[in-house]
>>> print(open('run.pdb').read())   # PDB, C-alpha atoms, pLDDT in the B column
ATOM      1  CA  PHE J  12      47.171  20.132  37.860  1.00 78.00           C
ATOM      2  CA  LEU J  13      48.872  21.360  41.034  1.00 80.00           C
ATOM      3  CA  THR J  14      45.620  22.903  42.254  1.00 78.00           C
ATOM      4  CA  GLY J  15      43.827  19.585  41.726  1.00 78.00           C
ATOM      5  CA  TRP J  16      46.553  17.808  43.677  1.00 81.00           C
ATOM      6  CA  ALA J  17      46.351  20.351  46.500  1.00 83.00           C
ATOM      7  CA  ASP J  18      42.538  20.208  46.564  1.00 79.00           C
ATOM      8  CA  PHE J  19      42.636  16.446  47.016  1.00 80.00           C
ATOM      9  CA  ILE J  20      44.925  16.784  50.042  1.00 80.00           C
ATOM     10  CA  PHE J  21      42.813  19.550  51.574  1.00 79.00           C
ATOM     11  CA  PHE J  22      39.600  17.579  51.020  1.00 77.00           C
ATOM     12  CA  GLN J  23      40.950  14.284  52.314  1.00 75.00           C
ATOM     13  CA  LYS J  24      43.083  15.420  55.237  1.00 74.00           C
ATOM     14  CA  TYR J  25      42.358  18.950  56.440  1.00 76.00           C
ATOM     15  CA  ASN J  26      38.634  19.700  55.957  1.00 77.00           C
ATOM     16  CA  PHE J  27      39.304  23.184  54.560  1.00 76.00           C
ATOM     17  CA  PHE J  28      40.574  24.639  51.299  1.00 76.00           C
ATOM     18  CA  SER J  29      43.408  27.097  50.737  1.00 75.00           C
ATOM     19  CA  THR J  30      42.688  27.237  47.011  1.00 74.00           C
ATOM     20  CA  MET J  31      39.057  28.430  47.026  1.00 75.00           C
ATOM     21  CA  MET J  32      37.111  30.330  49.657  1.00 79.00           C
ATOM     22  CA  THR J  33      33.542  29.305  48.737  1.00 74.00           C
ATOM     23  CA  SER J  34      34.201  25.863  50.188  1.00 76.00           C
ATOM     24  CA  ASN J  35      35.222  27.494  53.474  1.00 82.00           C
ATOM     25  CA  CYS J  36      32.125  29.691  53.781  1.00 84.00           C
ATOM     26  CA  MET J  37      29.745  26.764  54.229  1.00 85.00           C
ATOM     27  CA  PRO J  38      31.567  25.043  57.136  1.00 85.00           C
ATOM     28  CA  MET J  39      32.221  28.459  58.693  1.00 90.00           C
ATOM     29  CA  THR J  40      28.497  29.253  58.687  1.00 89.00           C
ATOM     30  CA  LYS J  41      27.641  25.855  60.123  1.00 89.00           C
ATOM     31  CA  ALA J  42      30.297  26.197  62.820  1.00 89.00           C
ATOM     32  CA  PHE J  43      28.922  29.617  63.786  1.00 91.00           C
ATOM     33  CA  PHE J  44      25.337  28.425  64.179  1.00 92.00           C
ATOM     34  CA  ASP J  45      26.526  25.295  66.001  1.00 91.00           C
ATOM     35  CA  GLY J  46      28.266  27.533  68.512  1.00 90.00           C
ATOM     36  CA  ARG J  47      31.763  26.299  67.619  1.00 91.00           C
ATOM     37  CA  MET J  48      33.509  29.644  67.894  1.00 92.00           C
ATOM     38  CA  ILE J  49      37.044  28.251  67.599  1.00 91.00           C
ATOM     39  CA  ASP J  50      36.197  26.664  64.253  1.00 90.00           C
ATOM     40  CA  THR J  51      34.424  29.832  63.159  1.00 91.00           C
ATOM     41  CA  VAL J  52      37.482  31.946  63.941  1.00 92.00           C
ATOM     42  CA  PHE J  53      39.653  29.416  62.116  1.00 90.00           C
ATOM     43  CA  TYR J  54      37.672  29.710  58.867  1.00 90.00           C
ATOM     44  CA  VAL J  55      37.484  33.498  59.140  1.00 91.00           C
ATOM     45  CA  THR J  56      41.254  33.640  59.632  1.00 91.00           C
ATOM     46  CA  VAL J  57      41.801  31.379  56.617  1.00 89.00           C
ATOM     47  CA  MET J  58      39.747  33.700  54.405  1.00 90.00           C
ATOM     48  CA  LEU J  59      41.500  36.790  55.730  1.00 92.00           C
ATOM     49  CA  SER J  60      44.843  35.124  55.005  1.00 92.00           C
ATOM     50  CA  TYR J  61      43.749  34.518  51.413  1.00 90.00           C
ATOM     51  CA  MET J  62      42.762  38.189  51.089  1.00 92.00           C
ATOM     52  CA  LEU J  63      46.189  39.221  52.369  1.00 93.00           C
ATOM     53  CA  GLY J  64      47.832  37.000  49.749  1.00 91.00           C
ATOM     54  CA  VAL J  65      45.821  38.690  47.004  1.00 90.00           C
ATOM     55  CA  ALA J  66      46.710  42.093  48.472  1.00 92.00           C
ATOM     56  CA  ALA J  67      50.401  41.151  48.587  1.00 91.00           C
ATOM     57  CA  LEU J  68      50.440  40.391  44.865  1.00 89.00           C
ATOM     58  CA  ARG J  69      48.571  43.598  44.068  1.00 88.00           C
ATOM     59  CA  ARG J  70      50.986  45.632  46.186  1.00 89.00           C
ATOM     60  CA  THR J  71      53.917  43.985  44.435  1.00 87.00           C
ATOM     61  CA  GLU J  72      52.371  44.696  41.022  1.00 83.00           C
ATOM     62  CA  LEU J  73      52.109  48.396  41.861  1.00 85.00           C
ATOM     63  CA  SER J  74      55.702  48.511  43.116  1.00 82.00           C
ATOM     64  CA  TYR J  75      57.491  46.258  40.600  1.00 78.00           C
ATOM     65  CA  ASN J  76      55.296  46.153  37.488  1.00 71.00           C
ATOM     66  CA  LYS J  77      57.488  48.624  35.587  1.00 68.00           C
ATOM     67  CA  LYS J  78      60.496  46.484  36.360  1.00 67.00           C
ATOM     68  CA  GLY J  79      58.591  43.354  35.311  1.00 68.00           C
ATOM     69  CA  LEU J  80      59.444  41.582  38.551  1.00 75.00           C
ATOM     70  CA  GLN J  81      56.026  41.368  40.208  1.00 78.00           C
ATOM     71  CA  HIS J  82      56.041  37.563  40.133  1.00 83.00           C
ATOM     72  CA  ALA J  83      59.728  36.868  40.726  1.00 83.00           C
ATOM     73  CA  VAL J  84      59.729  38.974  43.891  1.00 86.00           C
ATOM     74  CA  LEU J  85      57.074  36.734  45.428  1.00 89.00           C
ATOM     75  CA  ALA J  86      58.555  33.441  44.194  1.00 90.00           C
ATOM     76  CA  PRO J  87      60.684  32.911  47.341  1.00 92.00           C
ATOM     77  CA  VAL J  88      57.715  33.920  49.532  1.00 92.00           C
ATOM     78  CA  VAL J  89      55.450  31.247  48.039  1.00 93.00           C
ATOM     79  CA  ALA J  90      58.175  28.601  48.133  1.00 93.00           C
ATOM     80  CA  GLY J  91      59.237  29.552  51.659  1.00 94.00           C
ATOM     81  CA  PHE J  92      55.728  29.649  53.123  1.00 94.00           C
ATOM     82  CA  LEU J  93      54.744  26.277  51.637  1.00 93.00           C
ATOM     83  CA  LEU J  94      58.037  24.745  52.786  1.00 93.00           C
ATOM     84  CA  LEU J  95      57.510  26.160  56.290  1.00 94.00           C
ATOM     85  CA  SER J  96      53.957  24.793  56.375  1.00 91.00           C
ATOM     86  CA  ASP J  97      55.305  21.321  55.593  1.00 90.00           C
ATOM     87  CA  PHE J  98      57.954  21.682  58.282  1.00 93.00           C
ATOM     88  CA  ILE J  99      55.370  22.635  60.926  1.00 91.00           C
ATOM     89  CA  THR J 100      53.104  19.746  59.936  1.00 89.00           C
ATOM     90  CA  SER J 101      55.984  17.263  60.000  1.00 87.00           C
ATOM     91  CA  THR J 102      57.089  18.314  63.495  1.00 89.00           C
ATOM     92  CA  ASP J 103      53.556  18.589  64.858  1.00 88.00           C
ATOM     93  CA  PRO J 104      51.017  16.574  62.789  1.00 83.00           C
ATOM     94  CA  SER J 105      48.131  17.928  64.888  1.00 83.00           C
ATOM     95  CA  SER J 106      48.998  21.523  64.005  1.00 84.00           C
ATOM     96  CA  LYS J 107      46.434  23.075  61.676  1.00 85.00           C
ATOM     97  CA  PHE J 108      46.220  26.809  62.289  1.00 88.00           C
ATOM     98  CA  MET J 109      49.646  28.062  61.159  1.00 91.00           C
ATOM     99  CA  PRO J 110      49.990  25.689  58.162  1.00 89.00           C
ATOM    100  CA  ALA J 111      46.517  26.793  57.039  1.00 89.00           C
ATOM    101  CA  ILE J 112      47.463  30.476  57.192  1.00 90.00           C
ATOM    102  CA  LEU J 113      50.730  29.942  55.324  1.00 92.00           C
ATOM    103  CA  ARG J 114      49.132  27.835  52.594  1.00 90.00           C
ATOM    104  CA  THR J 115      46.105  30.064  52.146  1.00 90.00           C
ATOM    105  CA  PHE J 116      48.247  33.203  51.919  1.00 92.00           C
ATOM    106  CA  SER J 117      50.345  31.467  49.274  1.00 92.00           C
ATOM    107  CA  TRP J 118      47.334  30.426  47.212  1.00 89.00           C
ATOM    108  CA  GLY J 119      45.952  33.933  47.349  1.00 88.00           C
ATOM    109  CA  ILE J 120      49.102  34.932  45.462  1.00 89.00           C
ATOM    110  CA  ILE J 121      49.076  31.870  43.175  1.00 88.00           C
ATOM    111  CA  ASN J 122      45.436  32.114  42.112  1.00 85.00           C
ATOM    112  CA  THR J 123      45.587  35.847  41.456  1.00 84.00           C
ATOM    113  CA  ALA J 124      48.768  35.481  39.428  1.00 84.00           C
ATOM    114  CA  GLY J 125      47.107  32.714  37.418  1.00 80.00           C
ATOM    115  CA  GLN J 126      44.072  34.895  36.758  1.00 76.00           C
ATOM    116  CA  ASN J 127      46.288  37.766  35.621  1.00 74.00           C
ATOM    117  CA  VAL J 128      48.285  35.562  33.258  1.00 71.00           C
ATOM    118  CA  VAL J 129      45.655  33.300  31.673  1.00 64.00           C
ATOM    119  CA  GLY J 130      42.549  35.445  32.168  1.00 62.00           C
ATOM    120  CA  THR J 131      40.668  33.002  34.403  1.00 57.00           C
ATOM    121  CA  PHE J 132      40.969  31.651  37.903  1.00 54.00           C
ATOM    122  CA  ILE J 133      42.899  28.401  37.668  1.00 54.00           C
ATOM    123  CA  PHE J 134      40.844  26.757  40.401  1.00 56.00           C
ATOM    124  CA  VAL J 135      37.320  27.565  39.163  1.00 59.00           C
ATOM    125  CA  GLY J 136      36.290  24.381  37.426  1.00 58.00           C
ATOM    126  CA  ILE J 137      32.620  25.393  37.340  1.00 58.00           C
ATOM    127  CA  VAL J 138      33.263  28.074  34.714  1.00 61.00           C
ATOM    128  CA  ALA J 139      35.073  25.590  32.485  1.00 62.00           C
ATOM    129  CA  VAL J 140      32.329  22.994  32.889  1.00 63.00           C
ATOM    130  CA  ALA J 141      29.684  25.628  32.062  1.00 62.00           C
ATOM    131  CA  ASN J 142      31.551  26.577  28.881  1.00 63.00           C
ATOM    132  CA  LEU J 143      31.827  22.935  27.826  1.00 65.00           C
ATOM    133  CA  GLY J 144      28.124  22.404  28.487  1.00 67.00           C
ATOM    134  CA  THR J 145      27.240  25.415  26.362  1.00 67.00           C
ATOM    135  CA  MET J 146      29.421  24.161  23.523  1.00 67.00           C
ATOM    136  CA  MET J 147      27.739  20.762  23.634  1.00 67.00           C
ATOM    137  CA  VAL J 148      24.271  22.306  23.329  1.00 65.00           C
ATOM    138  CA  ASN J 149      25.465  24.532  20.482  1.00 64.00           C
ATOM    139  CA  GLN J 150      25.927  21.419  18.380  1.00 63.00           C
ATOM    140  CA  THR J 151      22.217  20.565  18.618  1.00 67.00           C
ATOM    141  CA  VAL J 152      20.603  23.936  17.839  1.00 60.00           C
ATOM    142  CA  ASN J 153      20.240  26.084  14.749  1.00 60.00           C
ATOM    143  CA  GLU J 154      23.148  28.300  13.862  1.00 63.00           C
ATOM    144  CA  SER J 155      21.076  31.412  14.570  1.00 60.00           C
ATOM    145  CA  GLN J 156      20.501  30.243  18.157  1.00 59.00           C
ATOM    146  CA  ARG J 157      24.074  29.357  18.927  1.00 60.00           C
ATOM    147  CA  LYS J 158      26.108  31.202  21.486  1.00 61.00           C
ATOM    148  CA  THR J 159      29.589  31.511  20.064  1.00 64.00           C
ATOM    149  CA  ILE J 160      32.436  30.609  22.368  1.00 61.00           C
ATOM    150  CA  PRO J 161      35.958  31.261  21.048  1.00 65.00           C
ATOM    151  CA  LYS J 162      38.208  28.305  20.318  1.00 66.00           C
ATOM    152  CA  GLU J 163      40.685  29.618  22.883  1.00 69.00           C
ATOM    153  CA  ASP J 164      38.006  29.308  25.585  1.00 65.00           C
ATOM    154  CA  LEU J 165      37.365  25.709  24.551  1.00 67.00           C
ATOM    155  CA  VAL J 166      41.043  24.837  24.833  1.00 70.00           C
ATOM    156  CA  MET J 167      41.305  26.669  28.167  1.00 69.00           C
ATOM    157  CA  SER J 168      38.214  24.917  29.536  1.00 70.00           C
ATOM    158  CA  LEU J 169      39.489  21.483  28.516  1.00 72.00           C
ATOM    159  CA  ASN J 170      42.912  22.231  30.000  1.00 72.00           C
ATOM    160  CA  LEU J 171      41.360  23.470  33.240  1.00 74.00           C
ATOM    161  CA  VAL J 172      39.004  20.529  33.736  1.00 75.00           C
ATOM    162  CA  GLY J 173      41.676  18.052  32.652  1.00 75.00           C
ATOM    163  CA  GLY J 174      44.317  19.595  34.881  1.00 74.00           C
ATOM    164  CA  LEU J 175      42.106  19.616  37.982  1.00 76.00           C
ATOM    165  CA  THR J 176      40.946  16.055  37.291  1.00 80.00           C
ATOM    166  CA  PHE J 177      44.383  14.582  36.690  1.00 84.00           C
ATOM    167  CA  GLY J 178      45.763  16.522  39.640  1.00 81.00           C
ATOM    168  CA  GLY J 179      43.121  14.930  41.856  1.00 80.00           C
ATOM    169  CA  ILE J 180      43.900  11.489  40.413  1.00 86.00           C
ATOM    170  CA  TRP J 181      47.592  12.077  41.066  1.00 86.00           C
ATOM    171  CA  GLY J 182      46.792  13.029  44.658  1.00 82.00           C
ATOM    172  CA  ALA J 183      44.717   9.866  45.084  1.00 84.00           C
ATOM    173  CA  ILE J 184      47.530   7.697  43.722  1.00 88.00           C
ATOM    174  CA  LEU J 185      50.092   9.302  46.014  1.00 85.00           C
ATOM    175  CA  SER J 186      47.790   8.928  49.019  1.00 82.00           C
ATOM    176  CA  ARG J 187      48.058   5.168  48.502  1.00 84.00           C
ATOM    177  CA  LYS J 188      51.650   4.882  47.344  1.00 85.00           C
ATOM    178  CA  ALA J 189      53.210   7.579  49.558  1.00 83.00           C
ATOM    179  CA  PRO J 190      50.712   8.516  52.310  1.00 79.00           C
ATOM    180  CA  ASN J 191      53.286  10.461  54.327  1.00 79.00           C
ATOM    181  CA  LEU J 192      53.876  12.854  51.452  1.00 78.00           C
ATOM    182  CA  ALA J 193      50.659  14.753  52.254  1.00 71.00           C
ATOM    183  CA  THR J 194      52.006  15.478  55.740  1.00 71.00           C
ATOM    184  CA  CYS J 195      55.527  16.379  54.702  1.00 79.00           C
ATOM    185  CA  GLY J 196      56.749  17.035  51.199  1.00 84.00           C
ATOM    186  CA  ALA J 197      53.795  17.645  48.892  1.00 88.00           C
ATOM    187  CA  PHE J 198      53.418  21.361  49.536  1.00 89.00           C
ATOM    188  CA  SER J 199      57.185  21.873  49.469  1.00 90.00           C
ATOM    189  CA  ILE J 200      57.243  20.336  45.990  1.00 91.00           C
ATOM    190  CA  MET J 201      54.367  22.554  44.878  1.00 90.00           C
ATOM    191  CA  GLY J 202      56.068  25.623  46.325  1.00 90.00           C
ATOM    192  CA  GLY J 203      59.245  24.870  44.397  1.00 91.00           C
ATOM    193  CA  ILE J 204      57.335  24.380  41.138  1.00 91.00           C
ATOM    194  CA  TYR J 205      55.320  27.572  41.597  1.00 89.00           C
ATOM    195  CA  ALA J 206      58.493  29.511  42.417  1.00 90.00           C
ATOM    196  CA  LEU J 207      60.058  28.313  39.166  1.00 90.00           C
ATOM    197  CA  LEU J 208      56.912  29.286  37.243  1.00 88.00           C
ATOM    198  CA  PHE J 209      56.877  32.752  38.822  1.00 86.00           C
ATOM    199  CA  THR J 210      60.520  33.221  37.928  1.00 87.00           C
ATOM    200  CA  TRP J 211      59.841  32.022  34.375  1.00 86.00           C
ATOM    201  CA  LEU J 212      57.034  34.577  33.989  1.00 82.00           C
ATOM    202  CA  ASP J 213      59.516  37.392  34.672  1.00 79.00           C
ATOM    203  CA  ARG J 214      62.396  35.803  32.761  1.00 78.00           C
ATOM    204  CA  GLU J 215      62.776  38.719  30.347  1.00 77.00           C
ATOM    205  CA  SER J 216      63.145  41.233  33.163  1.00 72.00           C
ATOM    206  CA  LEU J 217      65.595  38.918  34.899  1.00 71.00           C
ATOM    207  CA  GLY J 218      67.724  38.902  31.773  1.00 68.00           C
ATOM    208  CA  ALA J 219      66.798  35.411  30.587  1.00 58.00           C
ATOM    209  CA  TRP J 220      70.489  34.597  30.924  1.00 54.00           C
ATOM    210  CA  TRP J 221      69.802  30.879  30.506  1.00 53.00           C
ATOM    211  CA  SER J 222      68.430  31.435  26.993  1.00 55.00           C
ATOM    212  CA  LYS J 223      71.135  33.765  25.734  1.00 54.00           C
ATOM    213  CA  LYS J 224      73.634  32.441  23.263  1.00 56.00           C
ATOM    214  CA  LYS J 225      77.288  33.051  23.890  1.00 55.00           C
ATOM    215  CA  PRO J 226      78.868  35.401  21.359  1.00 56.00           C
ATOM    216  CA  PRO J 227      81.123  33.613  18.880  1.00 54.00           C
ATOM    217  CA  LEU J 228      84.837  33.634  19.563  1.00 51.00           C
ATOM    218  CA  ALA J 229      87.060  35.824  17.422  1.00 50.00           C
ATOM    219  CA  SER J 230      88.552  32.728  15.824  1.00 51.00           C
ATOM    220  CA  GLU J 231      85.049  31.508  14.861  1.00 50.00           C
ATOM    221  CA  GLN J 232      84.128  34.815  13.184  1.00 50.00           C
ATOM    222  CA  LYS J 233      86.973  34.515  10.669  1.00 48.00           C
TER
END
>>> encode(input="run.pdb", output="structure tokens")
Amino acid sequence: FLTGWADFIFFQKYNFFSTMMTSNCMPMTKAFFDGRMIDTVFYVTVMLSYMLGVAALRRTELSYNKKGLQHAVLAPVVAGFLLLSDFITSTDPSSKFMPAILRTFSWGIINTAGQNVVGTFIFVGIVAVANLGTMMVNQTVNESQRKTIPKEDLVMSLNLVGGLTFGGIWGAILSRKAPNLATCGAFSIMGGIYALLFTWLDRESLGAWWSKKKPPLASEQK
């Protein structure tokens, strides 16, 4: 859902994507052959920033995996970078370079964490659509010709397509009802939500103090 919301903002307002790099390769190639070197460097920098985000999560996994804190350690980084990107955009609406780097680095962490947790990239709708298409055809062929797709994959595909779609719809609604939110506020909200999710993933290692029951008083044990 959050990725769909972010994609809508990137598509409508910024002409690049922090959530997926394939959509940056095409405009980068066109910019290069058009001789627009500044734009070419911009897209290359965006992709390098995404790679660094992925590397940051991997480095954290190697250092904190045994402690079970590989996500919680990066929670303030994701929240802080997305908040800072909103702050820069709000003070200088024409600024694009630094907010792009901060957001793309953050989504390198977010997407990789999502892939590690659920087993698929949370932004790749094409895989989910392909699975749904295969399942539809399976209903029209003989059982011997069917390609079996586990029920879990069906649920995941529906959740992924539905989440991206409703996230995009939500972004479209907000663009009409609260147009300034895309410039200042939207990514801060997403950063806060992702930080909470990262912390929740490592709740056991953090002690899960919020879910522990208080021991009964001595008077209650009698």
>>> resolve_selection(input="run.pdb", expression="the PyMOL selection byres ((chain J and resi 191-207) around 9)", output="VMD selection string")
chain J and resid 13 16 to 17 20 24 82 to 83 85 to 101 104 114 117 121 182 185 to 186 189 to 190 208 to 212
>>> resolve_selection(input="run.pdb", expression="the PyMOL selection byres ((chain J and resi 34-36) around 12)", output="PyMOL selection string")
chain J and resi 18+21-22+25-33+37-43+50-59+61+111+115+134-135
>>> axis_aligned_box(input="run.pdb", around="region 172-187 of chain J", padding_each_side="5 Å", output="JSON")
{"center_x": 44.5, "center_y": 12.8, "center_z": 40.8, "size_x": 21.1, "size_y": 25.4, "size_z": 26.4}
>>> atom_distance(input="run.pdb", atom1="CA of Thr14 (chain J)", atom2="CA of Gly179 (chain J)")
8.4 Å
>>> atom_distance(input="run.pdb", atom1="CA of Ile112 (chain J)", atom2="CA of Leu63 (chain J)")
10.1 Å
>>> residues_near_point(input="run.pdb", point="(57.5, 44.7, 37.5)", cutoff="12 Å", atoms="only C-alpha atoms", output="PyMOL selection string")
chain J and resi 68-85+210+212-217
>>> write_last_selection(input="run.pdb", atoms="C-alpha atoms", output="PDB file, in the coordinates of the input")
ATOM      1  CA  LEU J  68      50.440  40.391  44.865  1.00 89.00           C
ATOM      2  CA  ARG J  69      48.571  43.598  44.068  1.00 88.00           C
ATOM      3  CA  ARG J  70      50.986  45.632  46.186  1.00 89.00           C
ATOM      4  CA  THR J  71      53.917  43.985  44.435  1.00 87.00           C
ATOM      5  CA  GLU J  72      52.371  44.696  41.022  1.00 83.00           C
ATOM      6  CA  LEU J  73      52.109  48.396  41.861  1.00 85.00           C
ATOM      7  CA  SER J  74      55.702  48.511  43.116  1.00 82.00           C
ATOM      8  CA  TYR J  75      57.491  46.258  40.600  1.00 78.00           C
ATOM      9  CA  ASN J  76      55.296  46.153  37.488  1.00 71.00           C
ATOM     10  CA  LYS J  77      57.488  48.624  35.587  1.00 68.00           C
ATOM     11  CA  LYS J  78      60.496  46.484  36.360  1.00 67.00           C
ATOM     12  CA  GLY J  79      58.591  43.354  35.311  1.00 68.00           C
ATOM     13  CA  LEU J  80      59.444  41.582  38.551  1.00 75.00           C
ATOM     14  CA  GLN J  81      56.026  41.368  40.208  1.00 78.00           C
ATOM     15  CA  HIS J  82      56.041  37.563  40.133  1.00 83.00           C
ATOM     16  CA  ALA J  83      59.728  36.868  40.726  1.00 83.00           C
ATOM     17  CA  VAL J  84      59.729  38.974  43.891  1.00 86.00           C
ATOM     18  CA  LEU J  85      57.074  36.734  45.428  1.00 89.00           C
ATOM     19  CA  THR J 210      60.520  33.221  37.928  1.00 87.00           C
ATOM     20  CA  LEU J 212      57.034  34.577  33.989  1.00 82.00           C
ATOM     21  CA  ASP J 213      59.516  37.392  34.672  1.00 79.00           C
ATOM     22  CA  ARG J 214      62.396  35.803  32.761  1.00 78.00           C
ATOM     23  CA  GLU J 215      62.776  38.719  30.347  1.00 77.00           C
ATOM     24  CA  SER J 216      63.145  41.233  33.163  1.00 72.00           C
ATOM     25  CA  LEU J 217      65.595  38.918  34.899  1.00 71.00           C
TER      26      LEU J 217
END
>>> atom_distance(input="run.pdb", atom1="CA of Gly125 (chain J)", atom2="CA of Val65 (chain J)")
11.4 Å
